[in-house]
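S.K.: I'd like to ask you about the structure that follows.
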Amino acid sequence: MIRLRPLHRTLCRLLAASCASVLLSGCGEVWNNPYPAAERGRNILYTAFTDRPKHLDPVQSYSENEITFTAQIYEAPLQYHYLKRPFELTTATAEAIPQPRFYDRDGRELAADAPAADIAESVYDIRIKPGIRYQPHPALARDEAGNYRYHSGGPGERLTLYDFEQTGSRELEAADYAYQIKRLAHPGLHSPIFGLMSDYIVGLKEFGDTLKDAAKTLPPGAWLDLRQHALPGVEVIDRHTYRIRLKGKYPQFLYWLAMPFFAPVPWEADLFHAQPGMAERNLTLDWYPIGTGPYMLSENNPNARMVLTRNPNFREETYPCEGEEGDRAAGLLADCGKRLPLVEQIVFTREKEQIPYWNKFLQGYYDASGISSDSFDQAVQFGQTGEVSLSDGMQAQGIRLQTSVSTSTMYMGFNMLDPVVGGMEERGRKLRQAIGIALDQEEFISIFQNGRGLPAQSPLPPGIFGYRDGRAGTNPNMYDWVNDQPQRKHIDEARKLLAEAGWPNGRDAKTGEALVVNLDTTGTGLGSKARIDWLTKQFDQLGVQLVVRSTDYNRFQEKVRKGAAQLFFWGWNADYPDPENFLFLLYGPQSKVKVQGENAANYENAEFDRLFERMKAMDNSPERQAILDRMLAILQHDAPWVWGFHPKSYGLEHSWVFNRKPSTVANNTMKYTRIDPALREAKRAEWNHPVRWPLVAGALLLLALVWPAWRHWKRSEQARAVGATA
C-alpha cells in the first residue's frame with residue numbers, strides 16, 4: 001500500500017521549489033553567468049587561453065602562451081613605451097636606460113661612435129630604483145628571530161603554494177638580477193637563450209661548464225647555490241647597481257633587457273623550490289612565479305582557470321601621458337597619470353574550442369576576443385573599396401574593432417637534419433622549393449585567414465628594418481614578376497623541381513617508392529580537418545603523400561627539440577624590432593637539436609652565419625641593408641622554410657574596455673587596461689535574459705503529476721476523519 005503522506009509532502013516541496021525558481025529567475029541575477037556570484041561588479045578583466053603554459057620560470061619560458069602570464073609578473077629593467085610607435089624603450093625598474101661604454105683589446109675606452117671592429121667589449125651599468133619590493137611569497141617569510149620559515153622541511157602536507165600559512169617580502173636588489181643571469185647557464189634548466197647569450201656575455205659559456213662540474217659533486221636534486229660561483233661578465237657594484245660586460249658590440253642587447261629572461265629571481269625562491277618533495281607536487285618556479293610586477297599568480301589550474309591578482313607591493317607607476325598621433329582622439333590618454341595597474345584581477349579561463357569562446361564573448365563574459373575564421377563573416381564586413389568595418393550586429397552591441405599588421409611570421413620549417421627533406425645538396429633543396437611553390441599561401445590566406453595576412457617572401461615582416469616590398473623584396477624562387485605584381489610560379493615548375501630532385505611524380509626515380517612527408521602540428525595550428533584536407537590536396541598535385549601528425553603543444557615542442565619532426569608548422573612574434581631577432585632563427589649556432597636554441601629547422605649555412613655575425617653588431621644603414629639583402633637571398637635559395645605569411649591582427653573589445661593598443665613586441669600591457677564593471681553588468685543582464693518557459697512548462701508538468709496524488713490523499717484524509725467521527 002502506498003504511503004501518501006510522505007509522497008504528498010515531497011511533491012508539494014518540489015512544486016514550491018519549481019514555482020519559486022520561476023519567480024526568482026527575473027530578480028536581477030544573470031542565471032547563465034559562468035563566474036562566481038562574489039565576482040559580480042568587481043574590477044576584473046575576463047579573458048581566455050587555449051594552450052596551457054609549460055614554463056612560467058623566466059629562464060625557460062619563450063612561448064607566446066607563457067609570456068602572457070610571465071610578462072605581468074616579472075619585471076625586467078626596461079620595457080617598451082605603451083603608446084609610442086615605432087616602438088621605443090623606456091625604463092621599468094631601472095632608473096635610466098643604460099648607455100654602453102666601449103673598450104678595445106687593451107682595455108682602453110673608445111668613443112661612442114667607434115667602429116664595431118675596434119670594440120672588444122661593451123660595458124653596461126644598470127642602476128635599479130630603490131624601494132621596489134617583491135610580491136608576498138612563502139620563500140621570503142621569516143620568523144620572529146629573522147630566520148626563513150620555509151627553507152627546510154619541504155612541503156610537508158601542503159599541496160600548493162597557497163597552503164603555506166605565512167608569506168613575506170623584501171626589497172629588490174641588484175644581486176637578484178645577477179642571480180637570474182647566472183641561471184641562464186644552469187645545467188638543469190636548459191635555457192633556450194643560453195647558447196646565444198654565451199656568444200655575448202663575457203665568461204657565460206665557461207660559467208656553464210663550471211656549474212656542470214659543481215652539479216656533479218652534489219646529491220641528485222640538491223640545490224646548486226649560484227652565489228658561490230663567479231661569472232666574470234656580471235658584477236654587483238652595490239645594492240642597486242650591477243654591471244654586464246659583453247664581447248664586442250651588440251646594440252640589440254638593450255632589447256633583451258626588456259624581456260623576462262633578464263628579470264630578477266631571488267635566491268631564496270630558488271632554494272625554497274629546490275627542497276626535496278617540492279618538484280613532485282609541482283612546487284617549482286615553473287609553476288609558481290615570483291616577481292615585483294603589477295600582478296601575481298593567485299590561482300593556478302592550467303587545465304581550467306588561472307588568476308592574476310594585483311600585487312599589493314607593486315611600485316608606483318602611472319599611465320603614460322603622451323603617445324603617437326591619434327592616441328588622444330582614440331581616448332588612449334584619458335587615464336594619464338593614474339596609478340597602475342588599472343584592474344585588480346585578471347581571470348583566465350581555458351577554452352579548448354573557438355565556438356564556446358566566441359559565444360561567451362558575445363554574451364559579455366569575455367571582455368575582448370580575436371576573430372576566428374568561422375566567426376569572421378559574423379563580425380566583419382568589407383566596403384566596396386575594400387575598407388574593413390564591423391558588421392551591423394557587432395556595432396549594435398557597441399563592440400569595437402582594432403586592426404594592425406603583426407610583426408610576426410608564420411612558417412613551415414623543414415628539419416634540415418632529416419635525410420629526405422633536409423641537407424644542403426641539390427636533391428633536398430629542390431624538393432623543398434617544390435613544396436614551397438605547391439603550398440599556395442595566397443589561397444591559404446584567402447580560405448583560412450579571411451584575407452588577414454601577407455604572403456611572406458622571407459622571415460622578415462613589414463615594419464622590421466631590412467624588409468623590402470615590391471620587386472626587390474620578392475622571392476624569385478617562388479614567384480615570377482608579371483605586370484608589376486608577384487605571381488606564384490605554376491605548379492608545373494614545382495613538378496619539374498621535384499623530378500630534378502629525384503622524385504618524378506612523387507616517386508623515387510630509382511626504386512619507384514612513393515614519397516611520404518610527415519607534418520607535425522598542434523590541434524590549434526594546422527590540425528583542423530579542413531586545413532588538413534587543403535594541405536593534402538596541395539601535396540597531391542605533386543604526387544606526394546602527406547601524413548599530418550597532430551599532438552598537444554608540449555609534445556610538439558618536445559619532438560622539435562629532439563629533431564623528431566620532418567616538417568612542422570610554427571610561428572614567431574618579434575621579441576624586439578630588429579632583423580637580428582628573426583634571422584637568428586636560422587643562425588647555425590642556434591640549432592635546436594645541438595644547443596636547444598631557436599633554430600628549429602637546424603639550418604646551417606657558413607656564408608649566412610658569417611654575414612649574420614657581421615650584421616648583428618651594426619646600426620641601421622645602407623651597408624646593413626645590403627648585407628641583409630644577401631642573407632635573404634641565401635635563405636630564399638636554400639629554402640629551409642616554406643615561407644608562410646605575416647598575419648594581420650583583428651581584435652574585438654566590448655564598450656566597457658579601455659586603453660587597449662595592439663602590440664606584438666610589448667607583452668607587459670595588461671596593467672594599462674581599464675574596465676567599467678557597472679556597464680558590463682548592465683550589458684550582461686541585457687544580453688542574457690533568462691528563458692523562463694522551460695521552467696513554467698516544468699512547473700505545470702509537475703503540477704499535473706502532483707494534482708491526482710494530492711486529490712487521492714485528500715479524499716483518504718476525509719474518509720479517515722468520517723470514520724473517526726463515527
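Residue numbering restarts at 1 for every chain of the C-alpha cells, chains are lettered A, B, ... in their displayed order, and ligands are numbered from 1 as they appear.
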Name the residues in contact with Gly153 (chain A) at a cut-off of 10 Å, using only C-alpha atoms, excluding same-chain residues fewer than 2 positions from it; report them as a short mmCIF file (atom, residue, chain, number, x, y, z; two decimals) with N, CA and C atoms, in the first residue's frame.
M.R.:
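Wrote result_25.cif, looks like this:
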data_model
loop_
_atom_site.label_atom_id
_atom_site.label_comp_id
_atom_site.auth_asym_id
_atom_site.auth_seq_id
_atom_site.Cartn_x
_atom_site.Cartn_y
_atom_site.Cartn_z
N ARG A 149 61.28 30.90 7.34
CA ARG A 149 60.38 29.89 7.88
C ARG A 149 60.39 28.58 7.09
N TYR A 150 60.51 28.69 5.77
CA TYR A 150 60.23 27.52 4.93
C TYR A 150 61.41 27.12 4.04
N HIS A 151 62.63 27.34 4.53
CA HIS A 151 63.79 26.96 3.73
C HIS A 151 64.29 25.56 4.04
N PRO A 155 57.65 20.44 1.68
CA PRO A 155 56.27 20.92 1.67
C PRO A 155 55.41 20.38 2.81
N GLY A 156 55.86 19.32 3.47
CA GLY A 156 55.01 18.72 4.50
C GLY A 156 53.74 18.18 3.87
N PHE A 272 64.08 27.65 -1.92
CA PHE A 272 62.77 27.19 -1.43
C PHE A 272 62.21 26.08 -2.31
N GLN A 275 63.88 22.27 -2.48
CA GLN A 275 63.80 21.33 -1.36
C GLN A 275 63.22 19.99 -1.81
N PRO A 276 63.64 18.92 -1.18
CA PRO A 276 63.08 17.59 -1.51
C PRO A 276 61.57 17.57 -1.34
N GLY A 277 60.90 16.95 -2.31
CA GLY A 277 59.45 16.82 -2.26
C GLY A 277 58.70 17.92 -2.96
#
S.K.: Could you give me, as a list in words, the residues within 6 Å of region 364-366 of chain A, counting only C-alpha atoms and dropping anything in the same chain fewer than 2 positions from it?
M.R.: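 In the requested form, the answer reads Tyr46, Thr47, Lys360, Phe361, Leu362, Ala368 and Arg684 of chain A.
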S.K.: Put those residues in a file: C-alpha atoms, as a tab-separated table (two decimals), in the first residue's frame.
M.R.:
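Result written to again_9.tsv:
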chain	number	residue	atom	x	y	z
A	46	TYR	CA	37.97	38.36	-18.05
A	47	THR	CA	39.84	36.61	-20.83
A	360	LYS	CA	30.84	33.79	-24.29
A	361	PHE	CA	32.40	36.92	-25.75
A	362	LEU	CA	29.10	37.83	-27.44
A	368	ALA	CA	37.86	41.04	-25.63
A	684	ARG	CA	25.32	41.20	-19.44
S.K.: Between CA of Gly337 (chain A) and CA of Ile73 (chain A), what is the distance, to one decimal in Å?
M.R.: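 Between these atoms lies a distance of 21.6 Å.
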S.K.: With distances taken over only C-alpha atoms, which residue among A:Thr669, A:Ser298, A:Asn415, A:Gln397 lies nearest Leu586 (chain A)?
M.R.: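 Using only C-alpha atoms, the shortest distance to Leu586 (chain A) belongs to A:Asn415.
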S.K.: Return as a tab-separated table (two decimals) with N, CA and C atoms, in the first residue's frame the full set of residues in region 337-424 of chain A whose backbone-based DSSP assignment is strand (DSSP E or B).
M.R.:
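What follows is the written file selection11.tsv:
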chain	number	residue	atom	x	y	z
A	339	ARG	N	47.49	55.67	-11.34
A	339	ARG	CA	48.39	54.63	-10.86
A	339	ARG	C	48.01	53.28	-11.46
A	345	GLN	N	42.20	42.42	-10.91
A	345	GLN	CA	42.38	40.99	-11.12
A	345	GLN	C	42.15	40.66	-12.59
A	346	ILE	N	42.84	39.61	-13.07
A	346	ILE	CA	42.65	39.11	-14.43
A	346	ILE	C	42.35	37.62	-14.32
A	347	VAL	N	41.18	37.23	-14.80
A	347	VAL	CA	40.75	35.84	-14.74
A	347	VAL	C	40.87	35.22	-16.13
A	348	PHE	N	41.68	34.18	-16.25
A	348	PHE	CA	41.86	33.44	-17.49
A	348	PHE	C	41.12	32.11	-17.38
A	349	THR	N	40.23	31.85	-18.31
A	349	THR	CA	39.53	30.57	-18.36
A	349	THR	C	40.01	29.80	-19.58
A	350	ARG	N	40.28	28.54	-19.40
A	350	ARG	CA	40.77	27.75	-20.55
A	350	ARG	C	39.60	27.38	-21.45
A	368	ALA	N	37.28	40.82	-24.31
A	368	ALA	CA	37.86	41.04	-25.63
A	368	ALA	C	38.04	39.69	-26.31
A	369	SER	N	38.22	39.72	-27.63
A	369	SER	CA	38.35	38.46	-28.38
A	369	SER	C	39.03	38.73	-29.71
A	370	GLY	N	39.73	37.72	-30.18
A	370	GLY	CA	40.14	37.72	-31.58
A	370	GLY	C	38.95	37.28	-32.43
A	380	VAL	N	32.77	40.92	-39.28
A	380	VAL	CA	33.41	41.93	-40.12
A	380	VAL	C	32.75	41.98	-41.49
A	381	GLN	N	32.70	43.18	-42.06
A	381	GLN	CA	32.20	43.34	-43.42
A	381	GLN	C	33.16	44.25	-44.19
A	382	PHE	N	33.19	44.07	-45.50
A	382	PHE	CA	34.06	44.86	-46.36
A	382	PHE	C	33.22	45.79	-47.22
A	388	VAL	N	37.52	47.90	-44.16
A	388	VAL	CA	37.03	46.92	-43.20
A	388	VAL	C	36.24	47.63	-42.11
A	389	SER	N	35.09	47.08	-41.76
A	389	SER	CA	34.31	47.63	-40.66
A	389	SER	C	33.57	46.49	-39.96
A	390	LEU	N	33.01	46.80	-38.80
A	390	LEU	CA	32.25	45.81	-38.06
A	390	LEU	C	30.89	45.58	-38.70
A	400	ARG	N	33.94	47.20	-30.46
A	400	ARG	CA	34.91	47.97	-31.25
A	400	ARG	C	35.90	47.02	-31.93
A	401	LEU	N	36.39	47.44	-33.10
A	401	LEU	CA	37.34	46.66	-33.89
A	401	LEU	C	38.70	47.35	-33.91
A	402	GLN	N	39.77	46.57	-33.67
A	402	GLN	CA	41.13	47.07	-33.81
A	402	GLN	C	41.87	46.20	-34.81
A	403	THR	N	42.58	46.83	-35.73
A	403	THR	CA	43.35	46.10	-36.73
A	403	THR	C	44.80	46.58	-36.70
A	404	SER	N	45.70	45.68	-37.01
A	404	SER	CA	47.12	46.03	-37.08
A	404	SER	C	47.85	44.93	-37.84
A	405	VAL	N	48.98	45.29	-38.43
A	405	VAL	CA	49.86	44.31	-39.08
A	405	VAL	C	50.84	43.82	-38.03
A	408	SER	N	55.16	39.59	-37.06
A	408	SER	CA	55.20	38.14	-36.84
A	408	SER	C	55.36	37.44	-38.18
A	409	THR	N	55.79	36.20	-38.11
A	409	THR	CA	55.86	35.38	-39.31
A	409	THR	C	55.41	33.97	-38.98
A	410	MET	N	54.55	33.40	-39.82
A	410	MET	CA	54.10	32.02	-39.68
A	410	MET	C	54.75	31.22	-40.81
A	411	TYR	N	55.25	30.05	-40.47
A	411	TYR	CA	56.00	29.30	-41.47
A	411	TYR	C	55.91	27.80	-41.22
A	412	MET	N	56.32	27.03	-42.24
A	412	MET	CA	56.56	25.61	-42.09
A	412	MET	C	58.06	25.39	-42.19
A	413	GLY	N	58.60	24.79	-41.16
A	413	GLY	CA	60.04	24.55	-41.15
A	413	GLY	C	60.37	23.12	-41.54
A	414	PHE	N	61.40	22.98	-42.37
A	414	PHE	CA	61.94	21.65	-42.69
A	414	PHE	C	63.03	21.34	-41.67
S.K.: When distances are computed from only C-alpha atoms, which of A:Gly293, A:Pro589, A:Gly423, A:Pro647 shows the smallest separation from Phe194 (chain A)?
M.R.: A:Pro589
S.K.: Name the closest residue to Val421 (chain A) among the candidates A:Asn605, A:Asn599, A:Asn667, A:Gln433; distances are taken between atoms, counting only C-alpha atoms.
M.R.: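 Ranking A:Asn605, A:Asn599, A:Asn667, A:Gln433 by distance to Val421 (chain A), first place goes to A:Gln433.
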S.K.: From region 240-411 of chain A, collect each residue whose DSSP state is helix (DSSP H, G or I) and return the set as a PyMOL selection string.
M.R.: chain A and resi 253-256+260-262+267-273+279-281+354-362+373-379+392-396
S.K.: What is the CA of Ala494 (chain A) to CA of Asp508 (chain A) distance in Å?
M.R.: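 CA of Asp508 (chain A) lies 15.9 Å from CA of Ala494 (chain A).
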S.K.: Could you tell me which of A:Ala114, A:Leu460, A:Leu271, A:Leu497 comes closest to Arg429 (chain A) if we count only C-alpha atoms?
M.R.: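 The closest residue to Arg429 (chain A) is A:Leu497.
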S.K.: Determine the nearest neighbour of Arg142 (chain A) from the options A:Asp104, A:Glu344, A:Asp418, A:Glu165, counting only C-alpha atoms.
M.R.: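 Using only C-alpha atoms, Arg142 (chain A) sits closest to A:Glu165.
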S.K.: Within 9 Å of Met615 (chain A), counting only C-alpha atoms, which residues show up once you throw out same-chain ones fewer than 6 positions away? Write them as a ChimeraX atom specification, please.
M.R.: /A:580,624-625,627-628
S.K.: Could you turn the residues from that selection into a file that holds N, CA and C atoms, as a PDB file, in the first residue's frame?
M.R.:
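This is the output file part.pdb:
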ATOM      1  N   GLU A 580      67.743  41.074 -36.580  1.00  0.00           N
ATOM      2  CA  GLU A 580      68.501  40.015 -35.919  1.00  0.00           C
ATOM      3  C   GLU A 580      67.584  39.057 -35.177  1.00  0.00           C
ATOM      4  N   ARG A 624      74.181  47.927 -43.867  1.00  0.00           N
ATOM      5  CA  ARG A 624      73.479  46.840 -43.204  1.00  0.00           C
ATOM      6  C   ARG A 624      72.367  46.291 -44.101  1.00  0.00           C
ATOM      7  N   GLN A 625      71.680  47.171 -44.826  1.00  0.00           N
ATOM      8  CA  GLN A 625      70.633  46.730 -45.736  1.00  0.00           C
ATOM      9  C   GLN A 625      71.198  45.829 -46.832  1.00  0.00           C
ATOM     10  N   ILE A 627      73.820  43.892 -46.676  1.00  0.00           N
ATOM     11  CA  ILE A 627      74.136  42.593 -46.091  1.00  0.00           C
ATOM     12  C   ILE A 627      72.856  41.783 -45.880  1.00  0.00           C
ATOM     13  N   LEU A 628      71.810  42.437 -45.418  1.00  0.00           N
ATOM     14  CA  LEU A 628      70.531  41.755 -45.228  1.00  0.00           C
ATOM     15  C   LEU A 628      69.973  41.242 -46.551  1.00  0.00           C
TER      16      LEU A 628
END
S.K.: Could you give me, as an MDAnalysis selection string, the residues within 10 Å of Leu110 (chain A), counting only C-alpha atoms and dropping anything in the same chain fewer than 4 positions from it?
M.R.: chainID A and resid 101:104 114:115 118:122
S.K.: Could you make a table, as CSV, of the residues of region 437-515 of chain A that have an atom within 12 Å of an atom of region 561-574 of chain A, each with its nearest atom pair and distance in Å to one decimal, counting only C-alpha atoms, in chain and number order?
M.R.:
residue,atom,partner,partner_atom,distance
A:Ala456,CA,A:Gly571,CA,12.0
A:Pro459,CA,A:Trp572,CA,9.1
A:Leu460,CA,A:Ala574,CA,9.8
A:Pro461,CA,A:Ala574,CA,9.3
A:Pro462,CA,A:Ala574,CA,11.3
A:Gly463,CA,A:Ala574,CA,10.5
A:Ile464,CA,A:Ala574,CA,9.2
